[in-house]
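Asker: Right, I'll just put the structure down here and ask away after.
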Amino acid sequence: MDTDIMLFGRVASFGINYGQVANNLPTPDKVLELLGTLKITRTRIYDTNPEILKAFANSEIEIIVTVENQILSQLNDPQQALQWVSNNIKPYLPDTKITGIQVGNEVYTDENPTMFQYLVPAVINIQNALSQLGISSNIQVSSPSSLAVLQESYPPSAGTFKNDITETMTQFLSFLSKTNSPFWINAYPFFAYKDNPNEIPLDYVLFNPSEGMVDPNTKLHYDNMLYAQVDAVAFAIAKLGFNDIEIRVSETGWPSKGDSDEAGATVQNAATYNRNLFRRQMENEGTPLKPRMRLEAYLFALFNEDLKPGPTSERNYGLFQPDESMAYNVGLSAFATTSNPSTSISLTSSATHNKVNKYIKFKVIFVVYYLHLLSILIKIKIH
């Protein structure tokens, strides 16, 4: 296997989206081997593919599954929700580590805003079904939104949800607050840059050093667009009266190829974005609004997917080609010379960092104690 892949595995463990809109992907058991080699511990799929759920049994992979958008209306019926959980979740537990259910994906869109009305009944019924079957304790129920849910997003403090979904969004946020579940957002600075490359600095969207921007209302400084997008969502949530809901990024990434009108879709920019995102994750960063809460993010995506519709960029977000070769060099080998080879960092959980911090704290205490003891022995010897 490629040396960079091995170094990639030694340095960090990514949470990553495992899309399957392709006809040439490796079998799930091969994907499991790849994830294991990379020490990736968390992934998200866009359905409840039984082949994947079976292949991932008795592995270290934690997996988030998805209820497809087209069946959301059916889940308004509690009995159908119970049947869905009975068929698609319960049979794989506890061997397969299903840790989350995403009820739909980008349920609200400008093209089809009506589907959003099914979200709240669906999440409530799925949650109740999990409880009824006695399997709710380790599974969080939520739903990822796109930035289309925002009426305003700039500056971040102006963040507000669209008026026509405020009532439903309030109900959804109430559900998340009661169940202690996160609000997931699909956030792509690439889209903003592609639409306005002459006005938006490329360095700002790629996490490169830049002047960034200062929110005139909060005076908070943003040196990258992703954090600004996340904080815009945080402000929108707060304006509806919720301050205890964690925001996580369910998708972010950068395409390595695009059409002639897709500014910035290059191998170099994709490598830079993902490398810089990885570096920020290693530094355990939060956003300017919530600097002490590490921003958790899933990278999109594991593979290039050849059957995805739309512009060329849609088929070129993968870190890997379907033959498991790297689509481009993310440059992670550079971290191997400065990082502990045993370091394991996940883009999707702060638990690893908590353990690392506790371990470091223990080592510091031990060293201080050792030096103190040594000084006593030296004094005894002198006397």
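Letters A, B, ... go to the chains of the structure tokens in the order shown; residues in each chain start at 1; ligands are counted from 1 in the same order.
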Would you please give, as a ChimeraX atom specification, all residues of stretch 33-208 of chain A that DSSP assigns to helix (DSSP H, G or I) based on the backbone?
Answerer: /A:33-37,50-55,69-76,78-88,90-92,113-132,147-149,156-158,163-179,189-195,202-205
Asker: Contacts of A:Ala187 at 10 Å or less, counting only C-alpha atoms, minus same-chain residues fewer than 5 places along, as number ranges by chain?
Answerer: A: 145-147, 192, 225-227, 229-230, 248-253, 297
Asker: What's the 10 Å shell around A:Lys90, counting only C-alpha atoms, without same-chain residues fewer than 5 positions away, as a list in words?
Answerer: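 Everything that qualifies: Trp84, Val85, Thr96, Ile98, Leu130, Leu133, Gly134 and Ile135 of chain A.
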Asker: Quick one: residues within 10 Å of A:Pro121, only C-alpha atoms counted, chain neighbours fewer than 6 positions away excluded, as JSON, numbers by chain?
Answerer: {"A": [72, 73, 75, 76, 77, 78, 81, 127, 171, 172]}
Asker: Given the choices A:Asp95, A:Asn87, A:Lys194, A:Asn316, which gets closest to A:Ala129 if the distance is worked out from only C-alpha atoms?
Answerer: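 Among the listed residues, A:Asn87 lies closest to A:Ala129.
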Asker: Of the candidates A:Ser153, A:Asn198, A:Gln117, A:Thr48, which one gets nearest to A:Asp215 if we count only C-alpha atoms?
Answerer: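 So, comparing all the options, the nearest one is A:Ser153.
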